[in-house]
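Text of structure.pdb, listed as PDB, C-alpha atoms:
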```
ATOM      1  CA  MET A  23      -3.100 -16.702 -10.740  1.00  0.00           C
ATOM      2  CA  THR A  24      -4.211 -15.536 -14.165  1.00  0.00           C
ATOM      3  CA  ARG A  25      -1.681 -13.551 -16.168  1.00  0.00           C
ATOM      4  CA  ARG A  26      -2.536 -10.781 -18.623  1.00  0.00           C
ATOM      5  CA  ARG A  27      -1.286  -7.355 -19.678  1.00  0.00           C
ATOM      6  CA  ARG A  28      -3.124  -4.238 -18.653  1.00  0.00           C
ATOM      7  CA  ARG A  29      -2.856  -0.500 -19.018  1.00  0.00           C
ATOM      8  CA  LEU A  30      -3.654   1.656 -16.019  1.00  0.00           C
ATOM      9  CA  GLU A  31      -5.481   4.813 -16.976  1.00  0.00           C
ATOM     10  CA  PRO A  32      -4.110   7.715 -14.952  1.00  0.00           C
ATOM     11  CA  LEU A  33      -6.373   9.391 -12.437  1.00  0.00           C
ATOM     12  CA  ASP A  34      -6.485  13.183 -12.699  1.00  0.00           C
ATOM     13  CA  PRO A  35      -6.243  14.301  -9.043  1.00  0.00           C
ATOM     14  CA  GLU A  36      -7.454  17.794  -8.280  1.00  0.00           C
ATOM     15  CA  ALA A  37      -4.016  19.081  -7.277  1.00  0.00           C
ATOM     16  CA  VAL A  38      -2.368  17.867 -10.471  1.00  0.00           C
ATOM     17  CA  HIS A  39      -5.218  19.338 -12.495  1.00  0.00           C
ATOM     18  CA  LEU A  40      -4.833  22.645 -10.624  1.00  0.00           C
ATOM     19  CA  SER A  41      -1.102  22.618 -11.359  1.00  0.00           C
ATOM     20  CA  TRP A  42      -1.737  21.967 -15.038  1.00  0.00           C
ATOM     21  CA  LYS A  43      -4.273  24.810 -15.264  1.00  0.00           C
ATOM     22  CA  ALA A  44      -1.978  27.197 -13.358  1.00  0.00           C
ATOM     23  CA  ASN A  45       0.994  26.335 -15.588  1.00  0.00           C
ATOM     24  CA  GLU A  46      -1.218  26.895 -18.618  1.00  0.00           C
ATOM     25  CA  ASN A  47      -1.688  30.461 -17.318  1.00  0.00           C
ATOM     26  CA  GLY A  48       1.995  31.024 -16.557  1.00  0.00           C
ATOM     27  CA  ILE A  49       1.739  30.456 -12.784  1.00  0.00           C
ATOM     28  CA  ASP A  50       4.545  28.468 -11.127  1.00  0.00           C
ATOM     29  CA  THR A  51       3.320  25.509  -9.071  1.00  0.00           C
ATOM     30  CA  ARG A  52       6.558  24.048  -7.719  1.00  0.00           C
ATOM     31  CA  PHE A  53       5.012  23.236  -4.335  1.00  0.00           C
ATOM     32  CA  ILE A  54       2.126  21.250  -5.843  1.00  0.00           C
ATOM     33  CA  ASP A  55       4.517  19.481  -8.205  1.00  0.00           C
ATOM     34  CA  LEU A  56       6.886  18.669  -5.336  1.00  0.00           C
ATOM     35  CA  ALA A  57       4.022  17.236  -3.252  1.00  0.00           C
ATOM     36  CA  ASP A  58       3.010  15.058  -6.205  1.00  0.00           C
ATOM     37  CA  THR A  59       6.597  13.825  -6.570  1.00  0.00           C
ATOM     38  CA  VAL A  60       6.812  12.964  -2.868  1.00  0.00           C
ATOM     39  CA  ASN A  61       3.506  11.068  -3.044  1.00  0.00           C
ATOM     40  CA  ARG A  62       4.645   9.080  -6.083  1.00  0.00           C
ATOM     41  CA  GLU A  63       7.905   8.110  -4.351  1.00  0.00           C
ATOM     42  CA  MET A  64       6.173   6.966  -1.161  1.00  0.00           C
ATOM     43  CA  PRO A  65       5.753   3.285  -2.215  1.00  0.00           C
ATOM     44  CA  THR A  66       9.546   3.025  -2.643  1.00  0.00           C
ATOM     45  CA  HIS A  67      10.012   4.584   0.797  1.00  0.00           C
ATOM     46  CA  VAL A  68       7.490   2.202   2.398  1.00  0.00           C
ATOM     47  CA  VAL A  69       9.173  -0.874   0.927  1.00  0.00           C
ATOM     48  CA  GLY A  70      12.578   0.415   2.006  1.00  0.00           C
ATOM     49  CA  ARG A  71      11.314   0.801   5.574  1.00  0.00           C
ATOM     50  CA  VAL A  72       9.791  -2.697   5.477  1.00  0.00           C
ATOM     51  CA  VAL A  73      13.177  -4.051   4.338  1.00  0.00           C
ATOM     52  CA  GLU A  74      14.870  -2.303   7.285  1.00  0.00           C
ATOM     53  CA  GLN A  75      12.340  -3.605   9.813  1.00  0.00           C
ATOM     54  CA  LEU A  76      12.568  -7.170   8.554  1.00  0.00           C
ATOM     55  CA  ASN A  77      16.377  -7.025   8.485  1.00  0.00           C
ATOM     56  CA  ASP A  78      16.368  -5.794  12.088  1.00  0.00           C
ATOM     57  CA  ARG A  79      14.383  -8.932  12.939  1.00  0.00           C
ATOM     58  CA  GLY A  80      16.726 -11.234  11.007  1.00  0.00           C
ATOM     59  CA  THR A  81      14.465 -11.815   8.005  1.00  0.00           C
ATOM     60  CA  ALA A  82      15.415 -10.952   4.437  1.00  0.00           C
ATOM     61  CA  LEU A  83      12.581  -9.557   2.347  1.00  0.00           C
ATOM     62  CA  SER A  84      13.388 -12.172  -0.304  1.00  0.00           C
ATOM     63  CA  ASN A  85      12.372 -14.843   2.234  1.00  0.00           C
ATOM     64  CA  ALA A  86       9.507 -12.898   3.786  1.00  0.00           C
ATOM     65  CA  ASP A  87       5.778 -13.490   3.731  1.00  0.00           C
ATOM     66  CA  VAL A  88       4.075 -10.083   3.466  1.00  0.00           C
ATOM     67  CA  LEU A  89       0.379  -9.364   3.813  1.00  0.00           C
ATOM     68  CA  VAL A  90      -0.755  -6.032   2.359  1.00  0.00           C
ATOM     69  CA  LEU A  91      -3.964  -4.681   3.869  1.00  0.00           C
ATOM     70  CA  GLY A  92      -5.955  -2.424   1.603  1.00  0.00           C
ATOM     71  CA  ALA A  93      -5.656  -2.106  -2.156  1.00  0.00           C
ATOM     72  CA  ALA A  94      -8.101   0.722  -2.805  1.00  0.00           C
ATOM     73  CA  TYR A  95      -6.936   4.279  -3.402  1.00  0.00           C
ATOM     74  CA  LYS A  96      -8.636   5.504  -0.231  1.00  0.00           C
ATOM     75  CA  PRO A  97     -10.656   4.010   2.642  1.00  0.00           C
ATOM     76  CA  ASP A  98     -14.054   2.417   2.097  1.00  0.00           C
ATOM     77  CA  VAL A  99     -14.055   2.522  -1.710  1.00  0.00           C
ATOM     78  CA  SER A 100     -13.221  -0.048  -4.382  1.00  0.00           C
ATOM     79  CA  ASP A 101     -11.343   2.261  -6.775  1.00  0.00           C
ATOM     80  CA  THR A 102      -7.736   1.091  -7.230  1.00  0.00           C
ATOM     81  CA  ARG A 103      -6.665   3.682  -9.800  1.00  0.00           C
ATOM     82  CA  GLU A 104      -3.431   5.318  -8.632  1.00  0.00           C
ATOM     83  CA  SER A 105      -3.447   3.138  -5.512  1.00  0.00           C
ATOM     84  CA  PRO A 106      -0.047   2.959  -3.815  1.00  0.00           C
ATOM     85  CA  ALA A 107      -0.798  -0.707  -3.008  1.00  0.00           C
ATOM     86  CA  ILE A 108      -0.144  -1.651  -6.631  1.00  0.00           C
ATOM     87  CA  ASP A 109       3.334  -0.092  -6.581  1.00  0.00           C
ATOM     88  CA  ILE A 110       4.065  -1.491  -3.122  1.00  0.00           C
ATOM     89  CA  ILE A 111       3.108  -5.026  -4.178  1.00  0.00           C
ATOM     90  CA  THR A 112       5.173  -4.695  -7.359  1.00  0.00           C
ATOM     91  CA  LYS A 113       8.221  -3.517  -5.402  1.00  0.00           C
ATOM     92  CA  LEU A 114       7.807  -6.284  -2.806  1.00  0.00           C
ATOM     93  CA  GLU A 115       7.668  -8.816  -5.649  1.00  0.00           C
ATOM     94  CA  ASP A 116      10.798  -7.273  -7.150  1.00  0.00           C
ATOM     95  CA  TRP A 117      12.518  -8.272  -3.882  1.00  0.00           C
ATOM     96  CA  ASN A 118      11.073 -11.816  -4.319  1.00  0.00           C
ATOM     97  CA  ALA A 119       8.842 -11.546  -1.266  1.00  0.00           C
ATOM     98  CA  SER A 120       5.788 -13.758  -1.036  1.00  0.00           C
ATOM     99  CA  VAL A 121       2.897 -11.273  -1.162  1.00  0.00           C
ATOM    100  CA  ASP A 122      -0.825 -11.562  -0.498  1.00  0.00           C
ATOM    101  CA  TYR A 123      -3.337  -8.793  -0.051  1.00  0.00           C
ATOM    102  CA  HIS A 124      -6.644  -8.361   1.701  1.00  0.00           C
ATOM    103  CA  ASP A 125      -9.203  -5.725   0.835  1.00  0.00           C
ATOM    104  CA  PRO A 126     -12.905  -6.106   1.676  1.00  0.00           C
ATOM    105  CA  ASN A 127     -13.838  -3.826  -1.239  1.00  0.00           C
ATOM    106  CA  VAL A 128     -11.433  -5.159  -3.893  1.00  0.00           C
ATOM    107  CA  PRO A 129     -11.935  -8.892  -4.548  1.00  0.00           C
ATOM    108  CA  THR A 130      -9.296  -9.005  -7.306  1.00  0.00           C
ATOM    109  CA  LEU A 131      -6.333  -6.773  -8.023  1.00  0.00           C
ATOM    110  CA  ASP A 132      -4.505  -6.429 -11.309  1.00  0.00           C
ATOM    111  CA  VAL A 133      -0.778  -5.925 -10.626  1.00  0.00           C
ATOM    112  CA  GLY A 134       1.368  -5.920 -13.749  1.00  0.00           C
ATOM    113  CA  ASP A 135       0.841  -9.284 -15.407  1.00  0.00           C
ATOM    114  CA  THR A 136      -0.766 -10.916 -12.385  1.00  0.00           C
ATOM    115  CA  ILE A 137      -4.305 -10.872 -11.104  1.00  0.00           C
ATOM    116  CA  TYR A 138      -4.405 -11.406  -7.339  1.00  0.00           C
ATOM    117  CA  GLU A 139      -7.378 -12.472  -5.274  1.00  0.00           C
ATOM    118  CA  SER A 140      -8.002 -10.930  -1.888  1.00  0.00           C
ATOM    119  CA  VAL A 141      -7.220 -13.448   0.863  1.00  0.00           C
ATOM    120  CA  PRO A 142      -9.309 -13.829   3.999  1.00  0.00           C
ATOM    121  CA  ILE A 143      -7.886 -12.008   6.999  1.00  0.00           C
ATOM    122  CA  THR A 144      -7.749 -14.851   9.497  1.00  0.00           C
ATOM    123  CA  ASP A 145      -5.831 -15.028  12.764  1.00  0.00           C
ATOM    124  CA  GLU A 146      -3.653 -17.737  11.198  1.00  0.00           C
ATOM    125  CA  ARG A 147      -2.859 -15.584   8.138  1.00  0.00           C
ATOM    126  CA  LEU A 148      -1.932 -12.649  10.370  1.00  0.00           C
ATOM    127  CA  ARG A 149       0.334 -14.867  12.511  1.00  0.00           C
ATOM    128  CA  ASP A 150       1.994 -16.418   9.445  1.00  0.00           C
ATOM    129  CA  ALA A 151       2.929 -13.067   7.893  1.00  0.00           C
ATOM    130  CA  ASP A 152       6.433 -11.821   8.602  1.00  0.00           C
ATOM    131  CA  CYS A 153       5.056  -8.329   8.038  1.00  0.00           C
ATOM    132  CA  VAL A 154       1.559  -6.877   7.692  1.00  0.00           C
ATOM    133  CA  VAL A 155       1.540  -3.584   5.790  1.00  0.00           C
ATOM    134  CA  ILE A 156      -1.472  -1.317   6.247  1.00  0.00           C
ATOM    135  CA  VAL A 157      -1.829   0.605   2.988  1.00  0.00           C
ATOM    136  CA  THR A 158      -5.524   1.517   3.088  1.00  0.00           C
ATOM    137  CA  ASP A 159      -7.247   1.740   6.449  1.00  0.00           C
ATOM    138  CA  HIS A 160     -10.800   0.672   5.664  1.00  0.00           C
ATOM    139  CA  SER A 161     -13.245   1.230   8.537  1.00  0.00           C
ATOM    140  CA  THR A 162     -14.125  -2.481   8.470  1.00  0.00           C
ATOM    141  CA  LEU A 163     -10.568  -3.573   9.340  1.00  0.00           C
ATOM    142  CA  ASP A 164     -10.237  -4.612  12.970  1.00  0.00           C
ATOM    143  CA  ILE A 165      -6.964  -2.796  13.652  1.00  0.00           C
ATOM    144  CA  ASP A 166      -6.684  -4.032  17.236  1.00  0.00           C
ATOM    145  CA  ARG A 167      -7.042  -7.659  16.121  1.00  0.00           C
ATOM    146  CA  ILE A 168      -4.504  -7.107  13.337  1.00  0.00           C
ATOM    147  CA  VAL A 169      -1.968  -5.666  15.790  1.00  0.00           C
ATOM    148  CA  ASP A 170      -2.630  -8.349  18.410  1.00  0.00           C
ATOM    149  CA  LYS A 171      -2.194 -11.276  15.992  1.00  0.00           C
ATOM    150  CA  SER A 172       0.725  -9.959  13.899  1.00  0.00           C
ATOM    151  CA  SER A 173       4.441 -10.150  14.675  1.00  0.00           C
ATOM    152  CA  LEU A 174       5.264  -6.967  12.698  1.00  0.00           C
ATOM    153  CA  VAL A 175       2.889  -4.275  11.460  1.00  0.00           C
ATOM    154  CA  PHE A 176       4.054  -1.484   9.182  1.00  0.00           C
ATOM    155  CA  ASP A 177       1.383   1.198   9.317  1.00  0.00           C
ATOM    156  CA  ALA A 178       1.527   3.547   6.345  1.00  0.00           C
ATOM    157  CA  ARG A 179      -1.769   5.257   7.316  1.00  0.00           C
ATOM    158  CA  ASN A 180      -1.430   5.873  11.061  1.00  0.00           C
ATOM    159  CA  ALA A 181      -4.354   3.518  11.645  1.00  0.00           C
ATOM    160  CA  THR A 182      -2.626   2.255  14.804  1.00  0.00           C
ATOM    161  CA  SER A 183      -2.108   5.653  16.416  1.00  0.00           C
ATOM    162  CA  HIS A 184      -4.219   4.596  19.394  1.00  0.00           C
ATOM    163  CA  ARG A 185      -1.789   1.737  20.135  1.00  0.00           C
ATOM    164  CA  ASP A 186       1.666   1.661  21.685  1.00  0.00           C
ATOM    165  CA  ASP A 187       3.180  -1.661  20.613  1.00  0.00           C
ATOM    166  CA  ASP A 188       6.856  -2.486  20.012  1.00  0.00           C
ATOM    167  CA  HIS A 189       6.038  -4.482  16.880  1.00  0.00           C
ATOM    168  CA  VAL A 190       4.139  -1.629  15.182  1.00  0.00           C
ATOM    169  CA  VAL A 191       6.132   0.737  12.978  1.00  0.00           C
ATOM    170  CA  ARG A 192       4.518   3.853  11.558  1.00  0.00           C
ATOM    171  CA  LEU A 193       5.522   5.798   8.483  1.00  0.00           C
TER     172      LEU A 193
END
```

If you took the structure in this file and wrote it as structure tokens, what would it be?
Amino acid sequence: MTRRRRRLEPLDPEAVHLSWKANENGIDTRFIDLADTVNREMPTHVVGRVVEQLNDRGTALSNADVLVLGAAYKPDVSDTRESPAIDIITKLEDWNASVDYHDPNVPTLDVGDTIYESVPITDERLRDADCVVIVTDHSTLDIDRIVDKSSLVFDARNATSHRDDDHVVRL
């Protein structure tokens, strides 16, 4: 992996922009600000839930092999600005997990000082992962295959809502 420093330019989501404009005009936007806070804390929540699920299965995250599916900010795009996948990968690394990612639209991903390359999503890779975390549910991902081949799936996007499997955990 190539190492280099980078600076992520913040994305100006419509809700945050609306809040800023409203505050500029003296209008209180606590609800919008609270929603933004909850969204920004979600990667920490996801990793905490992954830790719990792995612990329940007798695997410490520090010894786990985690495959993150989807690095883009939203489905079927390549834009990674403000993507929760970056924070999730960083937090998984902080726990010393072995982390790979797959995204059909994002061939490389800059996370902190590391540039990752998207790995192929093979049956073997899915079987080898202690946990597969669905972060961005691209339409090209074969969700049924992912669920069938994986021992633990943490679905942060409700992409598996059509399934009822014991080894699938939803947000």

Sorted by chain and rising residue number, list the residues of stretch 41-84 of chain A at most 10 Å from stretch 137-160 of chain A (counting all atoms listed in the file), each with its closest atom pair and distance in Å to one decimal, as JSON lines.
```
{"residue": "A:Pro65", "atom": "CA", "partner": "A:Val157", "partner_atom": "CA", "distance": 9.6}
{"residue": "A:Val68", "atom": "CA", "partner": "A:Val155", "partner_atom": "CA", "distance": 9.0}
{"residue": "A:Val69", "atom": "CA", "partner": "A:Val155", "partner_atom": "CA", "distance": 9.4}
{"residue": "A:Val72", "atom": "CA", "partner": "A:Cys153", "partner_atom": "CA", "distance": 7.8}
{"residue": "A:Val73", "atom": "CA", "partner": "A:Cys153", "partner_atom": "CA", "distance": 9.9}
{"residue": "A:Gln75", "atom": "CA", "partner": "A:Cys153", "partner_atom": "CA", "distance": 8.9}
{"residue": "A:Leu76", "atom": "CA", "partner": "A:Cys153", "partner_atom": "CA", "distance": 7.6}
{"residue": "A:Arg79", "atom": "CA", "partner": "A:Asp152", "partner_atom": "CA", "distance": 9.5}
{"residue": "A:Thr81", "atom": "CA", "partner": "A:Asp152", "partner_atom": "CA", "distance": 8.1}
{"residue": "A:Ala82", "atom": "CA", "partner": "A:Asp152", "partner_atom": "CA", "distance": 9.9}
{"residue": "A:Leu83", "atom": "CA", "partner": "A:Asp152", "partner_atom": "CA", "distance": 9.1}
```

Next on the checklist: What would the selection look like, as number ranges by chain, if the PyMOL selection byres ((chain A and resi 94-96) around 8) were run on the coordinates I just shared?
Outcome noted: A: 92-93, 97-107, 125, 127-128, 158-160

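For the pair atom CA of A:Arg71 and atom CA of A:Arg192, the separation is 9.6 Å.
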
Checklist entry - So what do you get for atom CA of A:Ile168 versus atom CA of A:Val190, distance-wise? => result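 If I compute the distance from atom CA of A:Ile168 to atom CA of A:Val190, I get 10.4 Å.
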
Next on the checklist: I'd like the interatomic distance between atom CA of A:His184 and atom CA of A:Asp109, to a tenth of an Å.
Outcome noted: 27.5 Å

Next on the checklist: Residue by residue, what does the PyMOL selection byres ((chain A and resi 120) around 10) grab here? Present the result as number ranges by chain.
Outcome noted: A: 83-89, 111, 114-115, 117-119, 121-122, 151-152

Checklist entry - Which residue, A:Ile54, A:Leu40, A:Val169, A:Leu174, has the smallest gap to A:Asp78 when you use all atoms listed in the file? => result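 Of A:Ile54, A:Leu40, A:Val169, A:Leu174, the one nearest A:Asp78 is A:Leu174, counting all atoms listed in the file.
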
Listed atoms of stretch 163-176 of chain A, axis-aligned box, 4 Å per side: centre and edge lengths to one decimal in Å, as lines of an AutoDock Vina configuration file?
```
center_x = -2.7
center_y = -6.4
center_z = 13.8
size_x = 23.8
size_y = 17.8
size_z = 17.2
```
